[in-house]
>>> print(open('work.csv').read())   # CSV, C-alpha atoms and all ligand atoms
chain,number,residue,atom,x,y,z
G,1444,MET,CA,-19.3,29.9,7.0
G,1445,ALA,CA,-20.3,27.5,9.8
G,1446,THR,CA,-18.0,26.3,12.5
G,1447,GLU,CA,-17.8,22.6,13.4
G,1448,ARG,CA,-16.4,20.5,16.2
G,1449,LEU,CA,-12.7,19.6,15.6
G,1450,ASP,CA,-13.4,15.9,16.0
G,1451,LYS,CA,-16.0,16.2,13.2
G,1452,ILE,CA,-13.7,18.1,10.9
G,1453,LEU,CA,-10.9,15.7,11.5
G,1454,GLY,CA,-13.1,12.6,11.2
G,1455,ASN,CA,-14.4,13.7,7.8
G,1456,ALA,CA,-10.9,14.7,6.6
G,1457,CYS,CA,-8.9,11.7,7.8
G,1458,GLY,CA,-11.5,8.9,8.4
G,1459,ILE,CA,-10.2,8.5,11.9
G,1460,SER,CA,-12.8,7.5,14.6
G,1461,ARG,CA,-13.8,10.0,17.3
G,1462,SER,CA,-12.3,7.8,20.1
G,1463,GLU,CA,-9.0,7.5,18.3
G,1464,LEU,CA,-8.9,11.3,17.7
G,1465,LYS,CA,-9.6,11.8,21.4
G,1466,LYS,CA,-6.5,9.7,22.3
G,1467,LEU,CA,-4.4,11.6,19.8
G,1468,ALA,CA,-5.6,15.0,21.1
G,1469,LYS,CA,-4.6,13.9,24.7
G,1470,LYS,CA,-1.1,13.4,23.5
G,1471,GLY,CA,-1.0,16.9,22.0
G,1472,ALA,CA,-1.1,15.6,18.4
G,1473,VAL,CA,-3.8,18.0,17.3
G,1474,LYS,CA,-3.1,21.7,16.7
G,1475,LEU,CA,-5.4,24.5,15.7
G,1476,ASN,CA,-3.6,27.5,14.2
G,1477,GLY,CA,-0.4,26.4,15.7
G,1478,LYS,CA,-1.6,25.7,19.3
G,1479,PRO,CA,-2.4,22.2,20.7
G,1480,VAL,CA,-6.0,21.4,21.3
G,1481,PHE,CA,-6.8,18.8,24.0
G,1482,ASP,CA,-10.6,19.0,23.8
G,1483,LEU,CA,-11.9,18.2,20.3
G,1484,SER,CA,-15.4,19.6,21.1
G,1485,GLU,CA,-13.8,23.0,20.4
G,1486,LYS,CA,-15.2,24.4,17.2
G,1487,ALA,CA,-13.4,25.9,14.2
G,1488,GLU,CA,-14.2,26.9,10.6
G,1489,ALA,CA,-12.5,24.2,8.6
G,1490,GLN,CA,-11.7,26.3,5.4
G,1491,LEU,CA,-10.2,29.2,7.4
G,1492,SER,CA,-8.1,27.3,10.0
G,1493,VAL,CA,-4.8,25.5,9.9
G,1494,ILE,CA,-5.4,22.1,11.6
G,1495,GLU,CA,-2.5,19.8,12.2
G,1496,LEU,CA,-2.5,16.1,13.1
G,1497,ASN,CA,0.7,14.5,14.1
G,1498,GLY,CA,2.7,17.4,12.8
G,1499,GLU,CA,1.0,17.4,9.3
G,1500,ILE,CA,-1.4,20.0,8.0
G,1501,VAL,CA,-4.8,18.3,7.4
G,1502,ASN,CA,-6.5,18.9,4.0
G,1503,THR,CA,-9.9,20.0,5.2
G,1504,SER,CA,-11.3,20.9,1.7
G,1505,LYS,CA,-14.7,19.3,1.2
G,1506,PHE,CA,-13.8,17.3,-1.8
G,1507,ILE,CA,-10.9,15.0,-2.6
G,1508,TYR,CA,-9.9,13.4,-6.0
G,1509,ILE,CA,-7.7,10.4,-6.0
G,1510,MET,CA,-5.9,8.5,-8.7
G,1511,GLN,CA,-5.5,4.8,-8.1
G,1512,ASN,CA,-3.7,2.2,-10.1
G,1513,LYS,CA,-6.2,-0.6,-9.5
G,1514,PRO,CA,-4.8,-4.1,-9.3
G,1515,LYS,CA,-6.6,-7.2,-10.5
G,1516,GLY,CA,-9.0,-8.8,-8.1
G,1517,VAL,CA,-10.2,-5.6,-6.5
G,1518,VAL,CA,-13.7,-4.4,-7.3
G,1519,SER,CA,-14.7,-0.9,-8.3
G,1520,ALA,CA,-17.2,-0.2,-5.5
G,1521,SER,CA,-17.3,1.6,-2.1
G,1522,ALA,CA,-18.1,-1.5,-0.1
G,1523,SER,CA,-18.5,-5.2,-0.7
G,1524,ASP,CA,-19.2,-8.2,1.5
G,1525,SER,CA,-17.2,-10.6,-0.6
G,1526,ASP,CA,-14.3,-8.6,-2.3
G,1527,LEU,CA,-11.7,-6.0,-1.5
G,1528,THR,CA,-12.8,-2.7,-3.0
G,1529,VAL,CA,-10.8,0.2,-4.5
G,1530,VAL,CA,-11.8,2.3,-1.4
G,1531,ASP,CA,-10.7,-0.5,1.0
G,1532,ILE,CA,-7.1,-0.4,-0.4
G,1533,LEU,CA,-6.7,3.4,0.0
G,1534,PRO,CA,-4.1,4.4,2.5
G,1535,GLU,CA,-5.5,5.9,5.8
G,1536,ASP,CA,-4.5,9.5,4.9
G,1537,LEU,CA,-6.7,9.4,1.8
G,1538,GLN,CA,-9.7,7.9,3.5
G,1539,ARG,CA,-12.8,10.2,3.8
G,1540,LYS,CA,-16.5,9.7,4.3
G,1541,GLY,CA,-18.5,9.1,1.1
G,1542,LEU,CA,-15.7,8.0,-1.3
G,1543,PHE,CA,-16.7,6.1,-4.4
G,1544,PRO,CA,-15.1,5.2,-7.7
G,1545,ALA,CA,-16.2,7.6,-10.6
G,1546,GLY,CA,-16.8,4.8,-13.1
G,1547,ARG,CA,-16.2,1.1,-13.0
G,1548,LEU,CA,-13.4,-1.1,-14.2
G,1549,ASP,CA,-14.0,-4.9,-14.2
G,1550,LYS,CA,-12.5,-6.9,-11.4
G,1551,ASP,CA,-9.7,-8.2,-13.8
G,1552,THR,CA,-9.0,-4.8,-15.4
G,1553,THR,CA,-6.1,-2.8,-14.0
G,1554,GLY,CA,-5.2,0.9,-14.1
G,1555,PHE,CA,-6.6,4.3,-13.6
G,1556,VAL,CA,-9.6,4.6,-11.2
G,1557,LEU,CA,-10.6,8.0,-10.0
G,1558,ILE,CA,-12.0,7.9,-6.5
G,1559,THR,CA,-13.8,11.0,-5.1
G,1560,ASN,CA,-16.6,12.2,-2.8
G,1561,ASP,CA,-17.7,14.8,-5.4
G,1562,GLY,CA,-20.9,13.5,-6.9
G,1563,ALA,CA,-21.4,16.4,-9.4
G,1564,PHE,CA,-17.8,16.0,-10.7
G,1565,ALA,CA,-18.3,12.2,-11.2
G,1566,HIS,CA,-21.5,12.8,-13.0
G,1567,ARG,CA,-19.9,15.3,-15.4
G,1568,ILE,CA,-17.0,13.0,-16.3
G,1569,LEU,CA,-19.2,9.9,-16.7
G,1570,SER,CA,-22.0,11.4,-18.7
G,1571,PRO,CA,-21.6,10.3,-22.3
G,1572,SER,CA,-22.9,13.7,-23.4
G,1573,ASN,CA,-19.7,15.3,-22.0
G,1574,HIS,CA,-17.5,13.0,-24.2
G,1575,VAL,CA,-14.7,12.6,-21.6
G,1576,PRO,CA,-12.5,10.0,-23.4
G,1577,LYS,CA,-11.2,7.0,-21.5
G,1578,THR,CA,-8.1,5.4,-22.9
G,1579,TYR,CA,-7.2,1.7,-22.5
G,1580,LEU,CA,-4.5,-0.7,-23.5
G,1581,ALA,CA,-6.0,-4.0,-24.6
G,1582,ARG,CA,-3.9,-7.2,-25.1
G,1583,LEU,CA,-5.6,-9.4,-27.6
G,1584,ASP,CA,-5.5,-13.1,-28.4
G,1585,LYS,CA,-5.0,-12.5,-32.1
G,1586,ALA,CA,-3.9,-9.7,-34.5
G,1587,CYS,CA,-6.2,-6.8,-34.8
G,1588,SER,CA,-6.5,-6.1,-38.5
G,1589,ASP,CA,-7.4,-2.8,-40.3
G,1590,GLU,CA,-10.7,-4.4,-41.1
G,1591,HIS,CA,-11.4,-5.1,-37.4
G,1592,ILE,CA,-10.4,-1.5,-36.6
G,1593,SER,CA,-12.7,0.0,-39.2
G,1594,VAL,CA,-15.7,-2.0,-37.7
G,1595,LEU,CA,-14.8,-0.9,-34.1
G,1596,GLU,CA,-14.4,2.7,-35.3
G,1597,GLY,CA,-17.6,2.7,-37.1
G,1598,GLY,CA,-19.8,2.3,-34.1
G,1599,MET,CA,-21.5,-1.1,-33.4
G,1600,THR,CA,-24.8,-2.7,-32.6
G,1601,LEU,CA,-24.4,-6.1,-31.1
G,1602,LYS,CA,-26.7,-9.1,-31.6
G,1603,ASP,CA,-28.2,-8.5,-28.2
G,1604,GLY,CA,-29.1,-4.9,-29.3
G,1605,ALA,CA,-26.4,-3.1,-27.3
G,1606,ARG,CA,-25.1,-0.1,-29.2
G,1607,PHE,CA,-21.6,1.4,-28.9
G,1608,LYS,CA,-20.6,4.7,-30.2
G,1609,PRO,CA,-17.5,4.8,-32.5
G,1610,ALA,CA,-14.3,4.1,-30.7
G,1611,SER,CA,-10.8,5.0,-31.7
G,1612,VAL,CA,-8.5,2.0,-32.0
G,1613,LYS,CA,-4.7,1.9,-32.8
G,1614,ALA,CA,-2.6,-1.3,-33.1
G,1615,LEU,CA,0.6,-0.6,-31.1
G,1616,ASN,CA,2.9,-3.5,-31.8
G,1617,GLY,CA,4.2,-5.4,-34.8
G,1618,GLU,CA,2.1,-8.5,-34.1
G,1619,ARG,CA,-0.9,-6.1,-33.7
G,1620,THR,CA,-1.9,-7.9,-30.4
G,1621,LEU,CA,-1.7,-4.8,-28.3
G,1622,ALA,CA,-4.2,-2.0,-29.1
G,1623,GLU,CA,-4.9,1.5,-27.7
G,1624,VAL,CA,-8.6,2.0,-27.4
G,1625,VAL,CA,-10.4,5.2,-26.7
G,1626,ILE,CA,-14.1,5.3,-25.8
G,1627,CYS,CA,-16.4,8.0,-24.4
G,1628,GLU,CA,-18.9,5.7,-22.8
G,1629,GLY,CA,-18.6,3.2,-20.0
G,1630,LYS,CA,-21.0,0.4,-20.8
G,1631,TYR,CA,-20.8,-2.9,-19.0
G,1632,HIS,CA,-17.7,-4.9,-20.3
G,1633,GLN,CA,-17.7,-2.5,-23.3
G,1634,ILE,CA,-14.3,-3.1,-24.7
G,1635,LYS,CA,-14.4,-6.9,-24.2
G,1636,ARG,CA,-17.7,-7.0,-25.9
G,1637,MET,CA,-16.7,-4.8,-28.8
G,1638,PHE,CA,-13.6,-7.0,-29.5
G,1639,LYS,CA,-15.6,-10.2,-29.0
G,1640,ALA,CA,-18.1,-9.0,-31.6
G,1641,VAL,CA,-15.3,-8.9,-34.2
G,1642,GLY,CA,-13.9,-12.3,-33.2
G,1643,LEU,CA,-11.1,-11.1,-30.9
G,1644,GLU,CA,-10.6,-11.8,-27.2
G,1645,VAL,CA,-9.3,-9.2,-24.7
G,1646,ILE,CA,-6.8,-11.1,-22.6
G,1647,GLU,CA,-5.7,-8.1,-20.5
G,1648,LEU,CA,-7.1,-4.6,-20.1
G,1649,LYS,CA,-5.6,-1.6,-18.4
G,1650,ARG,CA,-7.0,2.0,-18.3
G,1651,ILE,CA,-4.2,4.5,-18.8
G,1652,LYS,CA,-5.9,7.8,-19.2
G,1653,ILE,CA,-9.1,9.7,-18.2
G,1654,GLY,CA,-9.7,12.8,-20.3
G,1655,GLY,CA,-6.3,14.5,-20.7
G,1656,LEU,CA,-4.9,13.0,-17.5
G,1657,SER,CA,-2.6,10.0,-17.8
G,1658,LEU,CA,-2.1,7.4,-15.1
G,1659,ASP,CA,1.1,8.4,-13.2
G,1660,SER,CA,3.8,5.9,-14.3
G,1661,GLU,CA,5.4,6.1,-10.8
G,1662,LEU,CA,2.2,4.7,-9.2
G,1663,SER,CA,2.6,1.0,-8.7
G,1664,GLU,CA,-0.4,-1.4,-8.9
G,1665,GLY,CA,-2.5,-1.0,-5.7
G,1666,SER,CA,-1.1,2.5,-4.9
G,1667,SER,CA,-3.1,5.7,-4.9
G,1668,ARG,CA,-2.3,9.4,-4.6
G,1669,GLU,CA,-4.3,12.7,-4.5
G,1670,ILE,CA,-4.8,14.4,-7.9
G,1671,GLY,CA,-3.6,18.0,-7.8
G,1672,ALA,CA,-5.7,21.0,-8.9
G,1673,GLU,CA,-3.9,21.5,-12.2
G,1674,GLU,CA,-4.1,17.8,-13.0
G,1675,LEU,CA,-7.8,17.8,-12.2
G,1676,LYS,CA,-8.5,20.4,-14.9
G,1677,LEU,CA,-6.8,18.1,-17.5
G,1678,ILE,CA,-9.6,15.5,-16.9
G,1679,GLU,CA,-12.2,17.7,-18.5
G,1680,LYS,CA,-9.9,19.2,-21.0
G,1681,ASN,CA,-9.3,16.7,-23.8
U,1,LIG,N1,-14.3,-2.2,-20.9
U,1,LIG,C1,-14.3,-3.5,-20.4
U,1,LIG,O1,-14.6,-4.4,-21.1
U,1,LIG,N2,-13.9,-3.6,-19.1
U,1,LIG,C2,-13.5,-2.6,-18.3
U,1,LIG,O2,-13.1,-2.8,-17.2
U,1,LIG,C3,-13.5,-1.3,-18.9
U,1,LIG,C4,-14.0,-1.1,-20.2
>>> encode(input="work.csv", output="structure tokens", more="lines below")
Ligand code: URA
Amino acid sequence: MATERLDKILGNACGISRSELKKLAKKGAVKLNGKPVFDLSEKAEAQLSVIELNGEIVNTSKFIYIMQNKPKGVVSASASDSDLTVVDILPEDLQRKGLFPAGRLDKDTTGFVLITNDGAFAHRILSPSNHVPKTYLARLDKACSDEHISVLEGGMTLKDGARFKPASVKALNGERTLAEVVICEGKYHQIKRMFKAVGLEVIELKRIKIGGLSLDSELSEGSSREIGAEELKLIEKN
């Protein structure tokens, strides 16, 4: 495996600039295999070394997978000139180069966004042919009847020609204004358009699960955390 300069490894792993890292190294904040390194042009093999920054071991693995509880008003993109993005609101320790959301939620939708720098993984979980289910809670303006549900569950072709595969829909409360919806596609405004087509309006929408991995109930809106290896497997295991 190739060696790389420590400032490059740390920059990729932590998203900290080279000049900032230089200052930290001068203060003795960077250690390689337990020993302080003052010159970050020194090279190391990231996967075989223990690199510490400010007393914490740095995760130098190539890919990172992050669960975010997206708040309203934040866009599912890596960068935007006009809006705050899901990547902008990540804490510094989760920032990496090349992060992007694997799948989009509307600006006013909240809940589980998976952010990663692993393009192949994102492709796998988003490809409709892999049928990774995405589970949402939809608050509706009116009661969702059994007739509505059977239309939504039958698969739909809208007047504009858009086709949606069968969804799974369950009314959750007595008034039937809260529904759990599971879809395996991620078409533009899909759930809002599906309900609109049967005469119901989605007032609030939250994604609560991707594949077999549920949004961590401890994660407040706007917070993010890394997804562990075992949890990651649940995404593709439904
Ligand atoms: N369906 C929608 O209508 N909006 C989302 O954000 C996700 C699914």
>>> residues_near_ligand(input="work.csv", ligand="ligand LIG 1 (chain U)", cutoff="6 Å", atoms="only C-alpha atoms and all ligand atoms", output="list of chain:residue names")
G:Leu1548, G:Asp1549, G:Thr1552, G:His1632, G:Gln1633, G:Ile1634, G:Lys1635
>>> atom_distance(input="work.csv", atom1="atom CA of Val1612 of chain G", atom2="atom CA of Asn1512 of chain G")
22.4 Å
>>> residues_near_point(input="work.csv", point="(-1.8, 24.3, 19.1)", cutoff="12 Å", atoms="all atoms listed in the file", output="VMD selection string")
chain G and resid 1468 1470 to 1483 1492 to 1498 1500
>>> atom_distance(input="work.csv", atom1="atom CA of Leu1658 of chain G", atom2="atom CA of Met1510 of chain G")
7.5 Å
>>> atom_distance(input="work.csv", atom1="atom CA of Tyr1508 of chain G", atom2="atom CA of Leu1662 of chain G")
15.2 Å
>>> residues_near_point(input="work.csv", point="(-7.4, -7.3, -21.0)", cutoff="7 Å", atoms="only C-alpha atoms", output="JSON, numbers by chain")
{"G": [1552, 1581, 1582, 1645, 1646, 1647, 1648, 1649]}
>>> residues_around(input="work.csv", residues="segment 1569-1579 of chain G", least_positions_apart="4", cutoff="9 Å", atoms="only C-alpha atoms", output="list in words")
Ala1545, Gly1546, Gly1554, Phe1564, Ala1565, Ala1622, Glu1623, Val1624, Val1625, Ile1626, Cys1627, Glu1628, Gly1629, Ile1634, Leu1648, Lys1649, Arg1650, Ile1651, Lys1652, Ile1653, Gly1654, Gly1655, Ser1657, Ile1678, Glu1679, Lys1680 and Asn1681 of chain G
>>> closest_residue(input="work.csv", among="G:Val1594, G:Leu1621, G:Ala1563, G:Cys1587", to="Lys1608 of chain G", atoms="only C-alpha atoms")
G:Val1594
>>> residues_around(input="work.csv", residues="segment 1456-1463 of chain G", least_positions_apart="6", cutoff="8 Å", atoms="all atoms listed in the file", output="ChimeraX atom specification")
/G:1450,1501-1504,1535-1540
>>> closest_residue(input="work.csv", among="G:Phe1543, G:Tyr1631, G:Phe1506, G:Phe1638", to="Ala1520 of chain G", atoms="only C-alpha atoms")
G:Phe1543
>>> closest_residue(input="work.csv", among="G:Ser1588, G:Thr1446, G:Ser1593, G:Ser1667", to="Gly1617 of chain G", atoms="all atoms listed in the file")
G:Ser1588
>>> closest_residue(input="work.csv", among="G:Lys1676, G:His1591, G:Arg1606, G:Lys1451", to="Leu1643 of chain G", atoms="all atoms listed in the file")
G:His1591
>>> closest_residue(input="work.csv", among="G:Leu1533, G:Ala1489, G:Ile1670, G:Leu1467", to="Leu1449 of chain G", atoms="all atoms listed in the file")
G:Ala1489
>>> residues_around(input="work.csv", residues="Arg1448 of chain G", least_positions_apart="3", cutoff="9 Å", atoms="all atoms listed in the file", output="ChimeraX atom specification")
/G:1451-1453,1483-1488
>>> closest_residue(input="work.csv", among="G:Asp1589, G:Ile1507, G:Lys1513, G:Leu1527", to="Asn1455 of chain G", atoms="all atoms listed in the file")
G:Ile1507
